[in-house]
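Below: one structure, written as structure tokens.
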Amino acid sequence: MYSVTLTIPEFILALGEVEVLELSRPDDELAPTINEDRVNFAIANAIALIDARYTVATDCGKAFIIKAGKSLIIFIARYLLDIVKRRPFVEDDYKKAMETLEFACKDCAKSCPLSPAEISSILGEPIKKGLVRTQSGATYPRRRISRIYLDFI
């Protein structure tokens with residue numbers, strides 16, 4: 001399960017109070033307070049979308065998603081809240097977030113940008129030298145399955 005979360009104060013800190021106020025009240029831009037329910041709903045949806053991708057990712061992909069966690073949530077939640085204006089830069093950030101998730105789920109095992117030590121420290125698992133993990137999750141000695149598509153741990 002995906003473990004990164006984002007609070008409303010963190011969301012406000014990242015985007016600014018005026019931006020979050022406008023995003024949370026698209027029908028009333030002069031409202032004095034942020035609609036916290038709407039912001040929480042967007043953050044929860046963003047986390048659910050990321051969690052769905054996280055569950056099918058390899059170890060490298062999971063570590064990559066965790067490392068980019070808060071920015072992914074911010075970009076996706078802002079896109080979900082930007083229903084009235086549909087600004088191009090918000091859509092561009094959303095597309096970059098989705099590309100990052102796609103990379104983490106499909107291509108990260110082929111060319112992982114993280115070292116095994118980084119993956120181990122992010123996921124909290126010890127490094128198992130000499131073992132490889134297949135996509136099914138089984139671990140085998142390295143020499144036994146050299147031709148199978150592998151995710152090194």
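Residues in the structure tokens are named by chain (A, B, ... in the order shown) and by number from 1 within that chain; ligands are numbered from 1 in the order shown.
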
I want to know what sits within 9 Å of Val20 (chain A), based on only C-alpha atoms, with residues of the same chain fewer than 5 positions away left out; could you give that as a JSON list (two decimals) with C-alpha atoms, in the first residue's frame?
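Written out: result_22.json:
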```json
[["chain", "number", "residue", "atom", "x", "y", "z"],
["A", 11, "PHE", "CA", -0.91, 21.55, -0.31],
["A", 12, "ILE", "CA", -1.32, 25.25, 0.50],
["A", 15, "LEU", "CA", 0.65, 26.05, -4.33],
["A", 25, "ARG", "CA", -14.14, 27.35, -4.84],
["A", 34, "ILE", "CA", -10.82, 27.30, 1.40],
["A", 35, "ASN", "CA", -13.29, 24.48, 0.84],
["A", 39, "VAL", "CA", -9.36, 19.72, -1.37],
["A", 78, "ARG", "CA", -4.40, 20.30, -8.65],
["A", 81, "LEU", "CA", -9.48, 20.71, -8.83]]
```

Contact residues around Asp27 (chain A) with only C-alpha atoms at 12 Å, ignoring same-chain residues under 6 positions, as a PDB file with C-alpha atoms, in the first residue's frame:
```pdb
ATOM      1  CA  LEU A  21      -8.708  29.097  -2.566  1.00  0.00           C
ATOM      2  CA  ASN A  35     -13.294  24.479   0.843  1.00  0.00           C
ATOM      3  CA  LEU A  81      -9.481  20.710  -8.831  1.00  0.00           C
ATOM      4  CA  ASP A  82      -8.795  22.823 -11.934  1.00  0.00           C
ATOM      5  CA  ILE A  83     -12.131  21.971 -13.546  1.00  0.00           C
ATOM      6  CA  VAL A  84     -13.187  25.467 -14.560  1.00  0.00           C
ATOM      7  CA  LYS A  85     -10.035  27.077 -15.878  1.00  0.00           C
TER       8      LYS A  85
END
```

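Between CA of Ala48 (chain A) and CA of Ala77 (chain A) the interatomic distance comes to 10.8 Å.
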
Checklist line | Pick from A:Ala46, A:Ala63, A:Gly124, A:Ala31 nearest to Tyr94 (chain A), counting only C-alpha atoms | finding: A:Ala46

Checklist line | Interatomic distance (Å, one decimal) between CA of Asp92 (chain A) and CA of Pro32 (chain A) | finding: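 Rounded to one decimal, the two atoms are 29.0 Å apart.
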
Next item on the list: Might you pull out every residue within 12 Å of Pro113 (chain A), with only C-alpha atoms counted and same-chain residues fewer than 6 positions away left off, and present them as a PyMOL selection string?
Entry: chain A and resi 60-61+63-65+67+103-104+107+119

Item checked: Point-to-point distance from CA of Phe75 (chain A) to CA of Asp93 (chain A), Å rounded to tenths ->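 According to the coordinates, CA of Phe75 (chain A) and CA of Asp93 (chain A) are separated by 5.8 Å.
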
Item checked: Among listed residues A:Leu123, A:Leu23, A:Thr100, A:Ala14, nearest Tyr2 (chain A) (using only C-alpha atoms) -> A:Leu123

Next item on the list: Check the smallest atom-to-atom distance from each of A:Leu80, A:Leu101, A:Ile43, A:Ile74 to Leu13 (chain A) using only C-alpha atoms, then report the winner.
Entry: A:Ile74

Checklist line | Residue among A:Ile47, A:Ile8, A:Ala42, A:Val18 lying closest to Tyr79 (chain A), counting only C-alpha atoms | finding: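 Looking at the shortest contact to Tyr79 (chain A), the residue is A:Ala42.
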
Using DSSP secondary structure from the backbone, list all alpha helix (DSSP H) positions within region 35-73 of chain A, as a short mmCIF file (atom, residue, chain, number, x, y, z; two decimals) with N, CA and C atoms, in the first residue's frame.
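Produced file part.cif, reproduced below:
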```
data_model
loop_
_atom_site.label_atom_id
_atom_site.label_comp_id
_atom_site.auth_asym_id
_atom_site.auth_seq_id
_atom_site.Cartn_x
_atom_site.Cartn_y
_atom_site.Cartn_z
N GLU A 36 -12.22 22.94 2.38
CA GLU A 36 -11.33 21.84 2.76
C GLU A 36 -11.85 20.48 2.33
N ASP A 37 -13.16 20.30 2.32
CA ASP A 37 -13.73 19.02 1.88
C ASP A 37 -13.37 18.74 0.43
N ARG A 38 -13.47 19.75 -0.39
CA ARG A 38 -13.16 19.60 -1.82
C ARG A 38 -11.67 19.28 -2.02
N VAL A 39 -10.80 19.96 -1.27
CA VAL A 39 -9.36 19.72 -1.37
C VAL A 39 -9.02 18.32 -0.87
N ASN A 40 -9.61 17.93 0.27
CA ASN A 40 -9.37 16.57 0.80
C ASN A 40 -9.82 15.51 -0.20
N PHE A 41 -10.96 15.75 -0.85
CA PHE A 41 -11.47 14.80 -1.84
C PHE A 41 -10.50 14.66 -3.01
N ALA A 42 -9.95 15.76 -3.49
CA ALA A 42 -8.98 15.72 -4.61
C ALA A 42 -7.70 15.01 -4.18
N ILE A 43 -7.23 15.29 -2.98
CA ILE A 43 -6.01 14.64 -2.48
C ILE A 43 -6.25 13.14 -2.32
N ALA A 44 -7.40 12.76 -1.78
CA ALA A 44 -7.72 11.34 -1.61
C ALA A 44 -7.81 10.62 -2.96
N ASN A 45 -8.40 11.27 -3.95
CA ASN A 45 -8.48 10.68 -5.29
C ASN A 45 -7.10 10.53 -5.92
N ALA A 46 -6.26 11.53 -5.73
CA ALA A 46 -4.90 11.46 -6.26
C ALA A 46 -4.13 10.31 -5.61
N ILE A 47 -4.26 10.17 -4.30
CA ILE A 47 -3.58 9.08 -3.59
C ILE A 47 -4.12 7.73 -4.05
N ALA A 48 -5.42 7.63 -4.27
CA ALA A 48 -6.01 6.37 -4.73
C ALA A 48 -5.49 6.00 -6.12
N LEU A 49 -5.38 6.98 -6.99
CA LEU A 49 -4.86 6.73 -8.34
C LEU A 49 -3.39 6.26 -8.27
N ILE A 50 -2.60 6.93 -7.44
CA ILE A 50 -1.19 6.54 -7.28
C ILE A 50 -1.08 5.17 -6.65
N ASP A 51 -1.93 4.88 -5.66
CA ASP A 51 -1.90 3.58 -5.00
C ASP A 51 -2.22 2.45 -5.97
N ALA A 52 -3.13 2.69 -6.89
CA ALA A 52 -3.46 1.67 -7.89
C ALA A 52 -2.25 1.34 -8.76
N ARG A 53 -1.48 2.35 -9.12
CA ARG A 53 -0.26 2.13 -9.91
C ARG A 53 0.85 1.52 -9.05
N TYR A 54 0.91 1.94 -7.80
CA TYR A 54 1.94 1.47 -6.87
C TYR A 54 1.85 -0.04 -6.65
N ASP A 59 9.83 -3.35 -7.36
CA ASP A 59 10.46 -2.69 -6.21
C ASP A 59 11.06 -1.35 -6.60
N CYS A 60 11.74 -1.29 -7.74
CA CYS A 60 12.32 -0.04 -8.20
C CYS A 60 11.21 0.98 -8.45
N GLY A 61 10.15 0.57 -9.08
CA GLY A 61 9.04 1.46 -9.36
C GLY A 61 8.38 1.98 -8.09
N LYS A 62 8.22 1.10 -7.10
CA LYS A 62 7.63 1.52 -5.83
C LYS A 62 8.50 2.56 -5.15
N ALA A 63 9.81 2.31 -5.13
CA ALA A 63 10.74 3.27 -4.52
C ALA A 63 10.70 4.60 -5.28
N PHE A 64 10.63 4.52 -6.60
CA PHE A 64 10.58 5.72 -7.44
C PHE A 64 9.30 6.52 -7.17
N ILE A 65 8.17 5.83 -7.01
CA ILE A 65 6.90 6.49 -6.72
C ILE A 65 6.94 7.14 -5.34
N ILE A 66 7.49 6.45 -4.35
CA ILE A 66 7.59 7.02 -3.01
C ILE A 66 8.47 8.26 -3.02
N LYS A 67 9.59 8.18 -3.75
CA LYS A 67 10.52 9.31 -3.80
C LYS A 67 9.87 10.55 -4.42
N GLY A 69 6.62 11.08 -4.39
CA GLY A 69 5.28 11.03 -3.83
C GLY A 69 4.50 12.31 -3.70
N LYS A 70 5.00 13.25 -2.93
CA LYS A 70 4.22 14.46 -2.65
C LYS A 70 3.99 15.29 -3.91
N SER A 71 5.01 15.38 -4.77
CA SER A 71 4.81 16.16 -6.00
C SER A 71 3.78 15.49 -6.91
N LEU A 72 3.77 14.17 -6.96
CA LEU A 72 2.75 13.47 -7.75
C LEU A 72 1.35 13.78 -7.23
N ILE A 73 1.20 13.73 -5.91
CA ILE A 73 -0.12 14.02 -5.32
C ILE A 73 -0.53 15.45 -5.62
#
```
